[in-house]
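Participant: Got a structure here, written out as structure tokens. Questions coming.
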Amino acid sequence: MQDQTAQQILAELARLSRAVESLAPAPRPAIDFEAADCFVWNADAHYLAPVGKPNRIDIGLIKGVDHVRDILVDNTRRFARGLPANNVLLWGARGMGKSSLVKSAHAELAAEAETIAPLKLIEIHREDINSLPALMAALRPSQSRFILFCDDLSFDHDDTAYKSLKAALDGGIEGRPENVVLYATSNRRHLLPRDMMENERSTAINPSEAVEEKVSLSDRFGLWLGFHKCNQDEYLEMVKGYADHFNLKITQEELQAQALEWSTTRGARSGRVAWQFIQDLAGRAGHRL
């Protein structure tokens with residue numbers, strides 16, 4: 001009888017043990033930095049998902065931003081070669097190639113022979129900024145070099161995630177890893193809405209200090225690269241560059257006329273509008289891009 005009771009107790013303990021194990025989180029998959037050149041950070045799984053076919057274009061197709069393009073490429077080249085480099089904030093007008101330039105600059109420099117280690121691009125989503133310290137800790141031991149890329153970075157009212165970003169960039173006790181640099185794009189130069197800064201100034205006991213804390217976030221970026229709306233000539237240059245690259249069969253006069261009509265209907269001129277026009281033009285002509 002005692003043996004039967006003991007067996008029942010052992011069976012129940014085994015069942016409870018299996019139940020507890022089923023509640024435990026699944027083991028985190030190992031990060032394979034050799035799987036790809038580009039990754040997307042999954043904060044919940046603590047995992048870098050490799051991107052087999054990155055969405056990017058040749059850097060030569062990005063027109064109208066030659067000055068900032070050269071600065072970004074030079075900064076990235078120095079980083080890839082193990083030299084000091086800055087975090088970069090690309091800010092300004094919509095559709096002028098901020099995100100495209102980051103991805104294209106990575107592709108350009110990753111292919112250079114002078115890099116001291118493989119150059120990887122990792123996209124971190126805006127909502128995962130709080131996990132940035134964990135990501136940097138995972139990257140620190142690696143021999144590769146990493147560009148962390150956050151697209152459309154900005155913060156709204158009552159959003160305290162910017163404090164995590166400030167600490168991760170320069171303020172923590174460990175500081176930013178030597179093999180990591182952060183590139184971010186935003187429509188806002190200071191990453192915060194103007195009315196938020198003005199409200200801080202009007203309600204704080206010391207207005208200048210309240211605003212200073214908010215503005216100090218953008219100061220963590222050593223390079224500020226401004227992107228401004230393009231004029232008509234620059235817009236047409238973008239359209240022509242795309243048309244020549246993809247060998248679209250159309251006269252220059254007809255190309256210009258249709259491109260201007262397209263921009264008029266959109267009420268804007270930008271690199272994005274130029275690309276959307278080219279997609280429409282190629283689609284109507286049955287031409288694959």
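As shown in the structure tokens, the chain order sets the letters A, B, ...; within each chain, residues go from 1, and ligands are also counted from 1 in the order they appear.
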Residues at most 8 Å from Leu121 in chain A, counting only C-alpha atoms, excluding those fewer than 4 positions away in the same chain, as a list in words?

Facilitator: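 What passes the distance filter is Asp37, Cys38, Phe39, Lys103, His106, Phe146, Ile147, Leu148 and Phe149 of chain A.
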
Participant: Please list as an MDAnalysis selection string every residue within 7 Å of Gly95 in chain A, counting only C-alpha atoms and excluding residues in the same chain fewer than 3 positions away.

Facilitator: chainID A and resid 270:272

Participant: In Å to one decimal, how far is CA of Ser100 in chain A from CA of Ile59 in chain A?

Facilitator: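 About the pair CA of Ile59 in chain A and CA of Ser100 in chain A: they are 8.2 Å apart.
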
Participant: Could you check the closest approach to Asp151 in chain A for each of A:Ala49, A:Leu225, A:Leu182, A:Ala11 and tell me which residue wins, using only C-alpha atoms?

Facilitator: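 Once distances to Asp151 in chain A are computed over only C-alpha atoms, the minimum belongs to A:Leu182.
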
Participant: Leaving out Phe277 in chain A and any residue of its chain fewer than 5 positions from it, which residues lie within 10 Å of it when counting only C-alpha atoms, given as a count of residues only?

Facilitator: 12

Participant: Considering only C-alpha atoms, return as a list in words whatever protein or nucleic-acid residues lie within 9 Å of Val102 in chain A, sequence-local ones (same chain, fewer than 6 positions apart) excluded.

Facilitator: Leu72, Val73, Leu90, Phe149, Tyr183, Ala184 and Thr185 of chain A

Participant: Those same residues, written as a CSV table (one decimal), in the first residue's frame with N, CA, C and O atoms?

Facilitator:
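Generated file (part25.csv):
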chain,number,residue,atom,x,y,z
A,72,LEU,N,27.4,61.1,-45.1
A,72,LEU,CA,26.9,59.9,-44.5
A,72,LEU,C,27.9,58.7,-45.0
A,72,LEU,O,28.3,57.9,-44.1
A,73,VAL,N,28.2,58.7,-46.2
A,73,VAL,CA,29.1,57.6,-46.7
A,73,VAL,C,30.4,57.7,-46.1
A,73,VAL,O,31.0,56.7,-45.7
A,90,LEU,N,19.2,61.8,-39.5
A,90,LEU,CA,18.8,62.3,-40.8
A,90,LEU,C,17.4,62.8,-40.7
A,90,LEU,O,16.5,62.0,-40.4
A,149,PHE,N,19.6,50.9,-37.2
A,149,PHE,CA,18.8,51.8,-38.0
A,149,PHE,C,17.4,51.9,-37.5
A,149,PHE,O,16.7,50.9,-37.4
A,183,TYR,N,22.0,55.0,-36.6
A,183,TYR,CA,21.5,56.0,-37.7
A,183,TYR,C,19.9,56.0,-37.5
A,183,TYR,O,19.3,55.0,-37.5
A,184,ALA,N,19.4,57.2,-37.4
A,184,ALA,CA,17.9,57.4,-37.3
A,184,ALA,C,17.4,58.4,-38.2
A,184,ALA,O,18.1,59.4,-38.5
A,185,THR,N,16.2,58.2,-38.7
A,185,THR,CA,15.6,59.2,-39.6
A,185,THR,C,14.4,59.8,-38.8
A,185,THR,O,13.7,59.1,-38.0

Participant: Within range 4-95 of chain A, find each residue whose DSSP state, derived from the backbone, is strand (DSSP E or B), and express the selection as a list in words.

Facilitator: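 Everything in range 4-95 of chain A that counts as strand (DSSP E or B) is Cys38, Phe39, Val40, Trp41, Asn42, Tyr47, Leu48, Ala49, Pro50, Val88, Leu89, Leu90, Trp91 and Gly92 of chain A.
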
Participant: Restricted to C-alpha atoms, what would the selected residues look like written as a CSV table (one decimal), in the first residue's frame?

Facilitator:
chain,number,residue,atom,x,y,z
A,38,CYS,CA,20.7,42.8,-42.8
A,39,PHE,CA,18.5,41.9,-39.9
A,40,VAL,CA,15.3,43.1,-38.1
A,41,TRP,CA,15.4,43.1,-34.3
A,42,ASN,CA,12.5,41.2,-32.6
A,47,TYR,CA,16.1,37.6,-31.9
A,48,LEU,CA,17.6,39.0,-35.0
A,49,ALA,CA,15.6,37.9,-38.0
A,50,PRO,CA,17.8,37.8,-41.1
A,88,VAL,CA,23.7,60.2,-37.3
A,89,LEU,CA,20.2,61.8,-37.4
A,90,LEU,CA,18.8,62.3,-40.8
A,91,TRP,CA,15.9,64.7,-40.5
A,92,GLY,CA,13.7,66.8,-42.8

Participant: Closest to Met96 in chain A among A:Asp170, A:Asp32, A:Asp66, A:Asp156, using only C-alpha atoms?

Facilitator: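 Smallest distance to Met96 in chain A is found for A:Asp66.
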
Participant: I'd like the contact shell of Leu83 in chain A - 10 Å cut-off, only C-alpha atoms, skipping same-chain residues fewer than 5 positions apart - returned as a PyMOL selection string.

Facilitator: chain A and resi 75-78+116+178

Participant: Please produce a file of those selected residues containing N, CA and C atoms, as a CSV table (one decimal), in the first residue's frame.

Facilitator:
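Written out: selection15.csv:
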chain,number,residue,atom,x,y,z
A,75,ASN,N,31.2,59.0,-43.1
A,75,ASN,CA,31.1,58.6,-41.7
A,75,ASN,C,31.0,57.0,-41.6
A,76,THR,N,30.2,56.4,-42.5
A,76,THR,CA,30.0,55.0,-42.5
A,76,THR,C,31.3,54.3,-42.9
A,77,ARG,N,32.1,54.9,-43.9
A,77,ARG,CA,33.3,54.3,-44.3
A,77,ARG,C,34.3,54.3,-43.1
A,78,ARG,N,34.4,55.4,-42.4
A,78,ARG,CA,35.3,55.4,-41.2
A,78,ARG,C,34.9,54.4,-40.2
A,116,ILE,N,37.3,46.4,-41.7
A,116,ILE,CA,38.0,45.5,-40.8
A,116,ILE,C,37.2,44.3,-40.3
A,178,GLU,N,31.8,49.8,-29.1
A,178,GLU,CA,32.7,50.3,-30.1
A,178,GLU,C,32.3,49.9,-31.5

Participant: From range 96-260 of chain A, collect each residue whose DSSP state is alpha helix (DSSP H) and return the set as a ChimeraX atom specification.

Facilitator: /A:98-110,132-139,161-166,194-203,207-219,232-245,252-260

Participant: What's around Gly241 in chain A at 9 Å? Count only C-alpha atoms, leave out sequence neighbours fewer than 4 positions away in its own chain, and write the answer as a VMD selection string.

Facilitator: chain A and resid 60 to 63 236 to 237 245 to 246

Participant: Just write the chosen residues, N, CA, C and O atoms, as a short mmCIF file (atom, residue, chain, number, x, y, z; two decimals), in the first residue's frame.

Facilitator:
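Everything below was put into result_14.cif:
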data_model
loop_
_atom_site.label_atom_id
_atom_site.label_comp_id
_atom_site.auth_asym_id
_atom_site.auth_seq_id
_atom_site.Cartn_x
_atom_site.Cartn_y
_atom_site.Cartn_z
N GLY A 60 23.63 55.43 -56.39
CA GLY A 60 23.73 56.39 -57.49
C GLY A 60 22.39 56.90 -57.97
O GLY A 60 22.33 57.93 -58.67
N LEU A 61 21.30 56.22 -57.60
CA LEU A 61 19.97 56.65 -58.01
C LEU A 61 19.37 57.68 -57.06
O LEU A 61 18.31 58.24 -57.35
N ILE A 62 20.03 57.94 -55.94
CA ILE A 62 19.52 58.92 -54.98
C ILE A 62 20.06 60.29 -55.35
O ILE A 62 21.25 60.56 -55.19
N LYS A 63 19.20 61.12 -55.90
CA LYS A 63 19.61 62.42 -56.44
C LYS A 63 19.15 63.56 -55.53
O LYS A 63 18.26 63.41 -54.70
N LEU A 236 13.10 66.46 -61.66
CA LEU A 236 13.22 65.90 -63.01
C LEU A 236 14.51 65.10 -63.16
O LEU A 236 14.56 64.11 -63.89
N GLU A 237 15.55 65.52 -62.46
CA GLU A 237 16.81 64.76 -62.49
C GLU A 237 16.61 63.38 -61.85
O GLU A 237 17.16 62.39 -62.34
N HIS A 245 18.21 54.31 -65.72
CA HIS A 245 18.69 53.10 -65.04
C HIS A 245 17.87 51.88 -65.45
O HIS A 245 18.43 50.79 -65.66
N PHE A 246 16.57 52.05 -65.57
CA PHE A 246 15.69 50.92 -65.91
C PHE A 246 15.41 50.84 -67.41
O PHE A 246 14.61 50.02 -67.85
#

Participant: Determine the nearest neighbour of Ala268 in chain A from the options A:Ser144, A:Gln256, A:Ser131, A:Gln232, counting only C-alpha atoms.

Facilitator: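 Result for the nearest residue to Ala268 in chain A: A:Gln232.
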
Participant: Figure out the distance between CA of His228 in chain A and CA of Gly267 in chain A, please, to one decimal in Å.

Facilitator: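 Between these atoms lies a distance of 15.8 Å.
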